[in-house]
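Next comes run16.tsv, a file with TSV, C-alpha atoms and all ligand atoms.
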```tsv
chain	number	residue	atom	x	y	z
A	203	MET	CA	29.51	-6.84	7.99
A	204	GLY	CA	31.91	-5.90	5.20
A	205	GLU	CA	32.86	-2.64	3.53
A	206	SER	CA	30.32	0.13	4.00
A	207	VAL	CA	28.03	1.24	1.22
A	208	SER	CA	29.37	4.32	-0.59
A	209	GLN	CA	27.05	7.19	0.31
A	210	SER	CA	28.34	9.50	-2.42
A	211	SER	CA	27.92	6.86	-5.17
A	212	LEU	CA	24.39	6.00	-4.14
A	213	LEU	CA	23.30	9.64	-3.76
A	214	ALA	CA	24.84	10.63	-7.11
A	215	TRP	CA	23.10	7.68	-8.79
A	216	TYR	CA	19.79	8.64	-7.16
A	217	ALA	CA	20.04	12.28	-8.24
A	218	GLU	CA	20.68	11.12	-11.80
A	219	SER	CA	18.37	8.12	-12.13
A	220	LYS	CA	15.42	8.48	-9.79
A	221	ARG	CA	11.96	8.00	-11.23
A	222	ASP	CA	9.97	11.21	-11.61
A	223	LEU	CA	7.13	10.47	-9.19
A	224	PRO	CA	4.65	13.24	-8.31
A	225	TRP	CA	5.10	12.98	-4.52
A	226	ARG	CA	8.83	13.63	-4.99
A	227	HIS	CA	7.97	17.23	-5.88
A	228	THR	CA	6.53	18.11	-2.48
A	229	ARG	CA	7.77	18.47	1.10
A	230	ASP	CA	4.22	18.61	2.43
A	231	ALA	CA	4.13	15.90	5.11
A	232	TRP	CA	0.43	15.17	4.62
A	233	LYS	CA	0.86	14.56	0.88
A	234	ILE	CA	3.94	12.41	1.53
A	235	LEU	CA	1.98	10.43	4.11
A	236	LEU	CA	-0.78	9.81	1.54
A	237	SER	CA	1.81	8.42	-0.89
A	238	GLU	CA	3.38	6.17	1.75
A	239	ILE	CA	0.06	4.74	2.87
A	240	LEU	CA	-0.98	4.09	-0.73
A	241	LEU	CA	2.34	2.44	-1.60
A	242	GLN	CA	2.16	0.09	1.40
A	243	GLN	CA	0.13	-2.28	-0.75
A	244	THR	CA	-0.38	-0.70	-4.17
A	245	GLN	CA	2.19	-0.72	-6.99
A	246	VAL	CA	3.83	2.61	-7.81
A	247	SER	CA	2.41	2.71	-11.35
A	248	ARG	CA	-1.15	2.27	-10.07
A	249	GLY	CA	-0.58	4.40	-6.98
A	250	ILE	CA	0.13	7.59	-8.98
A	251	GLY	CA	-3.46	8.00	-10.21
A	252	TYR	CA	-4.88	7.37	-6.74
A	253	TRP	CA	-2.46	9.82	-5.14
A	254	LEU	CA	-3.32	12.58	-7.62
A	255	LYS	CA	-7.04	12.13	-6.92
A	256	LEU	CA	-6.50	12.04	-3.15
A	257	VAL	CA	-4.35	15.18	-2.91
A	258	GLU	CA	-6.74	17.08	-5.14
A	259	ARG	CA	-9.80	16.21	-3.07
A	260	PHE	CA	-8.07	16.13	0.33
A	261	PRO	CA	-5.19	18.64	0.26
A	262	THR	CA	-5.06	18.85	4.09
A	263	PRO	CA	-5.94	16.66	7.08
A	264	HIS	CA	-8.86	19.06	7.74
A	265	SER	CA	-10.40	18.45	4.33
A	266	MET	CA	-10.42	14.71	4.99
A	267	ALA	CA	-11.55	14.95	8.63
A	268	ASN	CA	-14.51	17.09	7.53
A	269	SER	CA	-15.57	14.59	4.86
A	270	ASP	CA	-17.46	11.35	5.16
A	271	VAL	CA	-15.37	8.18	5.30
A	272	GLU	CA	-17.50	6.90	2.40
A	273	GLU	CA	-15.98	9.57	0.19
A	274	VAL	CA	-12.46	8.40	1.03
A	275	LEU	CA	-13.51	4.81	0.27
A	276	HIS	CA	-14.97	5.97	-3.02
A	277	LEU	CA	-11.67	7.49	-4.14
A	278	TRP	CA	-9.88	4.37	-2.91
A	279	GLN	CA	-12.05	1.95	-4.88
A	280	GLY	CA	-10.02	-0.53	-6.91
A	281	ALA	CA	-6.81	0.08	-4.88
A	282	GLY	CA	-7.52	-2.82	-2.47
A	283	TYR	CA	-6.84	-3.20	1.26
A	284	TYR	CA	-9.69	-0.86	2.06
A	285	SER	CA	-9.02	-0.77	5.78
A	286	ARG	CA	-6.16	1.61	4.88
A	287	ALA	CA	-8.70	4.17	3.69
A	288	ARG	CA	-10.73	3.84	6.88
A	289	ARG	CA	-7.63	4.21	9.06
A	290	LEU	CA	-6.50	7.22	7.03
A	291	HIS	CA	-9.81	8.93	7.70
A	292	ALA	CA	-9.51	8.08	11.41
A	293	LEU	CA	-5.97	9.50	11.36
A	294	ALA	CA	-7.19	12.78	9.84
A	295	VAL	CA	-9.89	13.03	12.53
A	296	ASP	CA	-7.32	12.38	15.30
A	297	VAL	CA	-4.88	14.95	13.87
A	298	CYS	CA	-7.63	17.59	13.71
A	299	MET	CA	-8.62	17.18	17.35
A	300	PRO	CA	-7.48	20.03	19.61
A	301	LYS	CA	-4.21	19.51	21.47
A	302	ALA	CA	-6.11	19.67	24.76
A	303	LYS	CA	-7.99	16.54	23.71
A	304	GLY	CA	-4.93	14.60	22.58
A	305	GLY	CA	-4.95	15.75	18.93
A	306	PHE	CA	-2.52	17.90	16.94
A	307	ASP	CA	-4.63	21.00	16.06
A	308	GLY	CA	-4.90	19.92	12.42
A	309	LYS	CA	-1.16	19.63	11.71
A	310	LEU	CA	0.59	16.29	11.26
A	311	PRO	CA	3.18	15.85	14.03
A	312	ARG	CA	6.77	16.23	12.84
A	313	LYS	CA	8.51	13.54	14.87
A	314	SER	CA	8.43	9.87	13.89
A	315	THR	CA	7.67	8.86	17.49
A	316	GLU	CA	4.51	10.99	17.43
A	317	LEU	CA	3.51	9.89	13.93
A	318	ARG	CA	3.61	6.29	15.14
A	319	THR	CA	0.80	6.98	17.59
A	320	LEU	CA	-1.61	7.65	14.69
A	321	PRO	CA	-3.95	5.01	13.20
A	322	GLY	CA	-2.37	2.98	10.35
A	323	VAL	CA	1.13	4.46	10.83
A	324	GLY	CA	3.80	1.85	11.58
A	325	PRO	CA	7.56	2.28	12.05
A	326	TYR	CA	8.26	2.33	8.30
A	327	THR	CA	5.66	4.97	7.40
A	328	ALA	CA	6.60	7.16	10.38
A	329	ALA	CA	10.32	7.04	9.46
A	330	ALA	CA	9.62	7.70	5.78
A	331	VAL	CA	7.41	10.74	6.43
A	332	ALA	CA	9.61	12.25	9.17
A	333	SER	CA	12.82	11.83	7.17
A	334	ILE	CA	11.47	12.93	3.78
A	335	ALA	CA	9.32	15.85	4.97
A	336	HIS	CA	11.46	17.08	7.89
A	337	GLY	CA	14.91	15.52	7.48
A	338	GLU	CA	14.70	13.52	10.72
A	339	SER	CA	17.75	11.34	11.05
A	340	ILE	CA	15.99	7.99	11.05
A	341	ALA	CA	16.42	5.04	8.68
A	342	CYS	CA	13.51	3.39	6.88
A	343	VAL	CA	13.28	-0.36	6.62
A	344	ASP	CA	11.12	-1.92	3.94
A	345	GLY	CA	11.33	-5.03	1.78
A	346	ASN	CA	13.58	-3.32	-0.77
A	347	ILE	CA	16.08	-2.25	1.88
A	348	ARG	CA	16.05	-5.72	3.47
A	349	ARG	CA	16.93	-7.27	0.10
A	350	VAL	CA	19.79	-4.81	-0.54
A	351	MET	CA	21.08	-5.41	3.00
A	352	ALA	CA	20.93	-9.20	2.62
A	353	ARG	CA	22.85	-9.10	-0.67
A	354	GLN	CA	25.41	-6.55	0.45
A	355	ASN	CA	26.21	-8.75	3.46
A	356	ARG	CA	25.53	-12.24	2.03
A	357	LEU	CA	22.83	-12.98	4.59
A	358	ARG	CA	20.13	-15.49	3.79
A	359	ASN	CA	17.69	-14.56	6.50
A	360	PRO	CA	18.52	-11.23	8.18
A	361	GLN	CA	16.35	-10.51	11.19
A	362	PRO	CA	14.39	-7.22	11.42
A	363	LEU	CA	16.65	-5.80	14.13
A	364	GLU	CA	19.81	-6.57	12.09
A	365	VAL	CA	18.34	-4.85	9.04
A	366	GLU	CA	17.31	-1.83	11.11
A	367	ARG	CA	20.78	-1.52	12.69
A	368	TRP	CA	22.45	-1.81	9.29
A	369	ALA	CA	20.14	0.81	7.75
A	370	GLN	CA	20.74	3.19	10.67
A	371	SER	CA	24.54	2.61	10.53
A	372	ILE	CA	24.83	3.65	6.87
A	373	LEU	CA	22.30	6.53	7.04
A	374	PHE	CA	23.41	9.80	5.43
A	375	GLU	CA	22.39	12.05	8.27
A	376	ASP	CA	22.68	15.37	6.41
A	377	ASP	CA	19.78	14.37	4.15
A	378	ALA	CA	18.12	11.29	5.59
A	379	GLY	CA	15.05	11.71	3.36
A	380	SER	CA	16.99	11.55	0.09
A	381	TRP	CA	19.16	8.75	1.48
A	382	ASN	CA	16.20	6.58	2.47
A	383	GLN	CA	14.57	7.15	-0.88
A	384	ALA	CA	17.81	6.38	-2.71
A	385	LEU	CA	18.24	3.04	-0.95
A	386	MET	CA	14.62	2.07	-1.58
A	387	GLU	CA	14.89	3.19	-5.21
A	388	LEU	CA	17.96	1.00	-5.61
A	389	GLY	CA	16.00	-2.01	-4.35
A	390	ALA	CA	12.99	-1.18	-6.52
A	391	THR	CA	14.82	-0.55	-9.80
A	392	VAL	CA	18.34	-2.11	-9.69
A	393	CYS	CA	18.62	-4.66	-6.89
A	394	THR	CA	15.30	-6.20	-7.87
A	395	PRO	CA	14.11	-9.57	-6.53
A	396	LYS	CA	14.51	-11.63	-9.73
A	397	ARG	CA	16.84	-9.71	-12.08
A	398	PRO	CA	19.32	-7.56	-10.17
A	399	LEU	CA	21.35	-5.31	-12.49
A	400	CYS	CA	24.68	-5.70	-10.70
A	401	SER	CA	26.76	-4.45	-13.64
A	402	THR	CA	25.13	-1.00	-13.37
A	403	CYS	CA	24.76	-0.92	-9.58
A	404	PRO	CA	26.29	2.17	-7.90
A	405	VAL	CA	27.16	0.22	-4.73
A	406	SER	CA	28.53	-3.00	-6.25
A	407	SER	CA	32.03	-2.33	-4.83
A	408	SER	CA	30.83	-3.04	-1.30
A	409	CYS	CA	28.51	-5.91	-2.26
A	410	GLN	CA	29.52	-9.33	-1.01
A	411	GLY	CA	26.60	-11.09	-2.69
A	412	LEU	CA	27.01	-9.89	-6.26
A	413	GLU	CA	28.24	-13.24	-7.58
A	414	ASN	CA	25.05	-15.02	-6.64
A	415	PRO	CA	22.58	-12.31	-5.60
A	416	LEU	CA	19.52	-14.51	-6.06
A	417	ASP	CA	20.64	-16.59	-3.07
A	418	TYR	CA	20.11	-13.58	-0.78
A	419	PRO	CA	17.80	-13.24	0.96
A	420	GLN	CA	16.32	-16.72	0.92
A	421	PRO	CA	12.93	-16.45	-0.79
A	422	LYS	CA	9.97	-16.90	1.52
A	423	LYS	CA	7.58	-19.49	0.25
A	424	ILE	CA	4.14	-17.93	0.33
A	425	LYS	CA	1.43	-20.44	-0.23
A	426	LYS	CA	-1.68	-18.58	-1.28
A	427	LYS	CA	-4.85	-19.41	0.55
A	428	ARG	CA	-7.92	-20.20	-1.46
A	429	MET	CA	-11.25	-18.66	-0.53
A	430	ASP	CA	-14.53	-19.85	-2.11
A	431	LEU	CA	-17.56	-17.59	-2.00
A	432	GLN	CA	-21.00	-17.39	-3.56
A	433	CYS	CA	-22.64	-14.15	-4.61
A	434	ALA	CA	-26.20	-13.15	-5.52
A	435	LEU	CA	-26.29	-10.49	-8.23
A	436	LEU	CA	-29.93	-9.39	-8.05
A	437	LEU	CA	-31.22	-6.85	-10.57
A	438	ASP	CA	-34.34	-4.66	-10.45
A	439	SER	CA	-36.64	-3.95	-13.41
A	440	ASN	CA	-34.29	-1.11	-14.52
A	441	GLY	CA	-31.27	-3.43	-14.46
A	442	LEU	CA	-29.80	-1.85	-11.31
A	443	PRO	CA	-28.16	-4.24	-8.81
A	444	HIS	CA	-29.07	-4.78	-5.18
A	445	LEU	CA	-25.97	-3.67	-3.23
A	446	VAL	CA	-25.14	-3.96	0.46
A	447	GLN	CA	-22.35	-2.50	2.56
A	448	ARG	CA	-19.82	-5.09	3.71
A	449	ASN	CA	-18.69	-5.54	7.31
A	450	GLN	CA	-16.30	-2.90	8.65
A	451	SER	CA	-13.48	-5.46	9.05
A	452	GLY	CA	-11.91	-7.94	6.64
A	453	ILE	CA	-10.49	-7.54	3.16
A	454	LEU	CA	-13.44	-5.60	1.72
A	455	ALA	CA	-14.03	-3.55	4.88
A	456	GLY	CA	-16.81	-1.02	4.42
A	457	MET	CA	-17.03	-1.31	0.63
A	458	TRP	CA	-20.31	-2.04	-1.15
A	459	GLY	CA	-21.27	-4.93	-3.43
A	460	PRO	CA	-23.80	-7.66	-4.19
A	461	PHE	CA	-24.59	-9.97	-1.27
A	462	MET	CA	-21.77	-12.50	-0.86
A	463	ALA	CA	-21.11	-15.32	1.62
A	464	GLU	CA	-19.49	-18.75	1.79
A	465	LYS	CA	-22.87	-20.28	1.05
A	466	ILE	CA	-25.97	-18.41	-0.15
A	467	ASP	CA	-29.52	-19.63	-0.75
A	468	THR	CA	-29.60	-20.12	-4.53
A	469	GLU	CA	-33.24	-21.14	-4.81
A	470	GLY	CA	-34.87	-19.16	-7.64
A	471	LEU	CA	-31.46	-17.92	-8.87
A	472	HIS	CA	-29.57	-18.79	-12.09
A	473	PRO	CA	-25.82	-19.47	-12.33
A	474	LEU	CA	-24.01	-16.67	-14.15
A	475	GLY	CA	-20.35	-17.68	-13.98
A	476	GLN	CA	-17.25	-17.64	-11.81
A	477	ILE	CA	-14.81	-14.84	-10.98
A	478	LYS	CA	-11.22	-15.34	-9.82
A	479	HIS	CA	-9.64	-12.46	-7.95
A	480	SER	CA	-6.03	-12.65	-6.76
A	481	LEU	CA	-4.67	-10.75	-3.78
A	482	SER	CA	-1.08	-11.02	-2.55
A	483	HIS	CA	-1.83	-13.84	-0.09
A	484	ARG	CA	-5.15	-15.14	-1.28
A	485	ASP	CA	-7.02	-16.32	-4.37
A	486	ILE	CA	-10.73	-15.63	-4.15
A	487	PHE	CA	-13.13	-17.65	-6.30
A	488	VAL	CA	-16.67	-16.31	-6.47
A	489	GLU	CA	-19.54	-18.29	-7.94
A	490	VAL	CA	-22.00	-15.67	-9.19
A	491	TRP	CA	-25.75	-16.31	-9.32
A	492	THR	CA	-28.33	-13.91	-10.66
A	493	GLY	CA	-31.99	-13.19	-10.01
A	494	SER	CA	-34.37	-10.28	-9.54
A	495	CYS	CA	-35.04	-7.80	-6.74
A	496	GLN	CA	-37.36	-4.88	-6.03
A	497	HIS	CA	-34.91	-2.00	-5.68
A	498	GLY	CA	-31.40	-1.67	-7.00
A	499	ILE	CA	-28.77	1.05	-6.52
A	500	GLU	CA	-26.84	2.97	-9.15
A	501	PRO	CA	-23.35	1.41	-8.71
A	502	SER	CA	-21.46	4.67	-9.26
A	503	THR	CA	-23.00	6.18	-6.11
A	504	VAL	CA	-21.24	3.80	-3.69
A	505	PRO	CA	-17.60	2.67	-3.20
A	506	LEU	CA	-16.95	-0.67	-4.93
A	507	SER	CA	-13.91	-2.92	-4.67
A	508	ALA	CA	-12.19	-4.27	-7.79
A	509	LEU	CA	-13.68	-7.68	-7.00
A	510	ASP	CA	-17.21	-6.24	-6.92
A	511	GLN	CA	-16.59	-4.35	-10.15
A	512	LYS	CA	-15.65	-7.69	-11.77
A	513	ILE	CA	-18.86	-9.28	-10.49
A	514	LEU	CA	-20.98	-6.42	-11.85
A	515	ALA	CA	-19.14	-6.62	-15.19
A	516	LEU	CA	-20.01	-10.31	-15.39
A	517	GLY	CA	-23.67	-9.23	-15.14
A	518	GLY	CA	-23.14	-6.70	-17.96
A	519	LEU	CA	-23.03	-3.67	-15.62
A	601	LIG	S1	25.70	-5.43	-6.69
A	601	LIG	FE1	23.86	-6.52	-7.31
A	601	LIG	S2	23.24	-7.65	-5.52
A	601	LIG	FE2	24.70	-6.14	-4.82
A	601	LIG	S3	23.43	-4.40	-4.17
A	601	LIG	FE3	24.00	-4.05	-6.30
A	601	LIG	S4	22.32	-4.91	-7.52
A	601	LIG	FE4	22.15	-5.71	-5.45
```
Would you put the structure from the file into structure tokens?
Amino acid sequence: MGESVSQSSLLAWYAESKRDLPWRHTRDAWKILLSEILLQQTQVSRGIGYWLKLVERFPTPHSMANSDVEEVLHLWQGAGYYSRARRLHALAVDVCMPKAKGGFDGKLPRKSTELRTLPGVGPYTAAAVASIAHGESIACVDGNIRRVMARQNRLRNPQPLEVERWAQSILFEDDAGSWNQALMELGATVCTPKRPLCSTCPVSSSCQGLENPLDYPQPKKIKKKRMDLQCALLLDSNGLPHLVQRNQSGILAGMWGPFMAEKIDTEGLHPLGQIKHSLSHRDIFVEVWTGSCQHGIEPSTVPLSALDQKILALGGL
């Protein structure tokens, strides 16, 4: 590894240039955890609205543990990866258990090692929450930091352990939370995957890859899988759709929507059209058929995924 990243340059740049994001105005570990879990798979610009709704309705682990998981799913609708919402609810329940029963008496644990024992909390989320909320001296490693590390050191395929050691070796221990956020912010806004802004980068002096940054790290070729489904959008005499709750596992875990399967019985139904829905690793094509049913449900009363909202919109709902 070459010259070390300048801590003072990066921190000064961060203080000056960081985006004004609502979770950066709190040290409340629960609210920071909500932001980290949302941002695992939702873009920052979309995540802000979800975060504001979540912290308003669930300002503490207790408020979520005492609510129905359906309500969490409802607030999560449209954000995707719904199993996150289910695990978050399970986490709140675990945290609110008494200490004697293995819980944390309603308070999120402070240490990253304890946070990692909770549902849905991996090494990244635990390090982010513990460093940002409590200043624990632990480095975060996410995709942004891996890219900065690969470019700084001209590495095409750095392994997770190498990235972790690098991140820990350059950590600014007096304020690990700001440091972690600064490095991630650099990756998100300056050292971006396709158009790195090396001429304005605060740590270009230590960067070995700045002449050809796009070579580092080697891009992973992700071939999207295709999934073909059929869906029956059945409407009652008032125009309300028949909706069912999906299985508790899988990409639409626990959300509601019209009946959908690889192959449905289309006898007596009429073709309505096709929906394409893209996720990060998968393109879903849904052939939508319509027909009638006895009793429908008002869609706003149940949590619906973005895919299901598209299907209902195709039926004019
Ligand atoms: S100089 Fe360019 S490649 Fe190197 S860290 Fe900065 S933005 Fe990334």
Practice problem: May I ask you to write as an MDAnalysis selection string all residues lying at most 10 Å from ligand LIG 601 (chain A), with all atoms listed in the file counted? | Solution: chainID A and resid 207 347 349:356 385 388:389 391:395 397:418
Contacts of segment 222-235 of chain A at 9 Å (only C-alpha atoms; same-chain gap of 2+ positions) as a PDB file with C-alpha atoms, keeping the file's coordinate frame:
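Okay, this is what ended up in around.pdb:
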```pdb
ATOM      1  CA  SER A 219      18.370   8.120 -12.130  1.00  0.00           C
ATOM      2  CA  LYS A 220      15.420   8.480  -9.790  1.00  0.00           C
ATOM      3  CA  SER A 237       1.810   8.420  -0.890  1.00  0.00           C
ATOM      4  CA  GLU A 238       3.380   6.170   1.750  1.00  0.00           C
ATOM      5  CA  ILE A 239       0.060   4.740   2.870  1.00  0.00           C
ATOM      6  CA  LEU A 240      -0.980   4.090  -0.730  1.00  0.00           C
ATOM      7  CA  VAL A 246       3.830   2.610  -7.810  1.00  0.00           C
ATOM      8  CA  ILE A 250       0.130   7.590  -8.980  1.00  0.00           C
ATOM      9  CA  TRP A 253      -2.460   9.820  -5.140  1.00  0.00           C
ATOM     10  CA  LEU A 254      -3.320  12.580  -7.620  1.00  0.00           C
ATOM     11  CA  LEU A 256      -6.500  12.040  -3.150  1.00  0.00           C
ATOM     12  CA  VAL A 257      -4.350  15.180  -2.910  1.00  0.00           C
ATOM     13  CA  PRO A 261      -5.190  18.640   0.260  1.00  0.00           C
ATOM     14  CA  THR A 262      -5.060  18.850   4.090  1.00  0.00           C
ATOM     15  CA  PRO A 263      -5.940  16.660   7.080  1.00  0.00           C
ATOM     16  CA  LYS A 309      -1.160  19.630  11.710  1.00  0.00           C
ATOM     17  CA  LEU A 310       0.590  16.290  11.260  1.00  0.00           C
ATOM     18  CA  PRO A 311       3.180  15.850  14.030  1.00  0.00           C
ATOM     19  CA  ARG A 312       6.770  16.230  12.840  1.00  0.00           C
ATOM     20  CA  THR A 327       5.660   4.970   7.400  1.00  0.00           C
ATOM     21  CA  ALA A 328       6.600   7.160  10.380  1.00  0.00           C
ATOM     22  CA  ALA A 330       9.620   7.700   5.780  1.00  0.00           C
ATOM     23  CA  VAL A 331       7.410  10.740   6.430  1.00  0.00           C
ATOM     24  CA  ALA A 332       9.610  12.250   9.170  1.00  0.00           C
ATOM     25  CA  ILE A 334      11.470  12.930   3.780  1.00  0.00           C
ATOM     26  CA  ALA A 335       9.320  15.850   4.970  1.00  0.00           C
ATOM     27  CA  HIS A 336      11.460  17.080   7.890  1.00  0.00           C
TER      28      HIS A 336
END
```
Please build the interface table for segment 276-307 of chain A against segment 481-496 of chain A with a cut-off of 12 Å, listing for each qualifying residue the nearest atom pair and the distance in Å to one decimal; count all atoms listed in the file, order rows by chain and increasing number, and write it as a tab-separated table.
```
residue	atom	partner	partner_atom	distance
A:Gly280	CA	A:Leu481	CA	12.0
A:Ala281	CA	A:Leu481	CA	11.1
A:Gly282	CA	A:Leu481	CA	8.5
A:Tyr283	CA	A:Leu481	CA	9.3
```
So that I have them on file, write out the residues from the current selection with C-alpha atoms, as a PDB file, in the frame of the given file.
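For reference, result.pdb as written:
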```
ATOM      1  CA  GLY A 280     -10.020  -0.530  -6.910  1.00  0.00           C
ATOM      2  CA  ALA A 281      -6.810   0.080  -4.880  1.00  0.00           C
ATOM      3  CA  GLY A 282      -7.520  -2.820  -2.470  1.00  0.00           C
ATOM      4  CA  TYR A 283      -6.840  -3.200   1.260  1.00  0.00           C
TER       5      TYR A 283
END
```
Quiz prompt | Surrounding residues of segment 342-346 of chain A excluding itself and chain neighbours under 6 positions, 7 Å, all atoms listed in the file, as a PyMOL selection string | solution = chain A and resi 326+329-330+366+382+386+389-390
Fewer than 5 positions away in the same chain doesn't count, so skip those; otherwise give me all residues within 9 Å of Ala463 of chain A, counting only C-alpha atoms, as a CSV table (one decimal) with C-alpha atoms, in the coordinates of the input.
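Writing the result to selection_25.csv gives the following:
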```csv
chain,number,residue,atom,x,y,z
A,430,ASP,CA,-14.5,-19.8,-2.1
A,431,LEU,CA,-17.6,-17.6,-2.0
A,432,GLN,CA,-21.0,-17.4,-3.6
A,433,CYS,CA,-22.6,-14.2,-4.6
```
Quiz item: Do you have the atom CA of Arg289 of chain A-atom CA of Thr315 of chain A distance handy?
Solution: 18.1 Å
Quiz prompt | Long-range neighbours of Leu454 of chain A as a PyMOL selection string, 10 Å cut-off, only C-alpha atoms, 5 positions minimum in chain | solution = chain A and resi 282-285+447-449+459+506-510
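From atom CA of Leu437 of chain A back to atom CA of Thr468 of chain A, the distance works out to 14.7 Å.
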Quiz item: Any idea what's packed within 9 Å of Asp467 of chain A, counting all atoms listed in the file, ignoring anything in its chain fewer than 3 positions away? Could you give it as an NGL selection string?
Solution: :A and (434 or 470-471)
Self-check item: Gap from atom CA of Ile499 of chain A to atom CA of Leu442 of chain A - Å, one decimal
Solution: 5.7 Å
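Minimum atom-to-atom distances from A:Lys396, A:Lys303, A:Lys465, A:Lys478 to Leu516 of chain A were compared using only C-alpha atoms, and the lowest value belongs to A:Lys478.
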Quiz item: Given the choices A:Asn359, A:Thr503, A:Gln383, A:Ser439, which gets closest to Lys422 of chain A if the distance is worked out from only C-alpha atoms?
Solution: A:Asn359
Quiz item: Which residue, A:Gly498, A:Leu290, A:Met266, A:Leu277, has the smallest gap to Asn440 of chain A when you use all atoms listed in the file?
Solution: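 Distance minimum relative to Asn440 of chain A lands on A:Gly498.
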Exercise. Please tell me which residues are no farther than 12 Å from (-2.1, 15.0, 19.2) in the file, counting only C-alpha atoms, and write them as a ChimeraX atom specification.
Key: /A:293-313,315-321
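In terms of minimum interatomic distance to Lys426 of chain A, A:Ser480 ranks closest within A:Ala515, A:Ser480, A:Glu500, A:Glu273, counting all atoms listed in the file.
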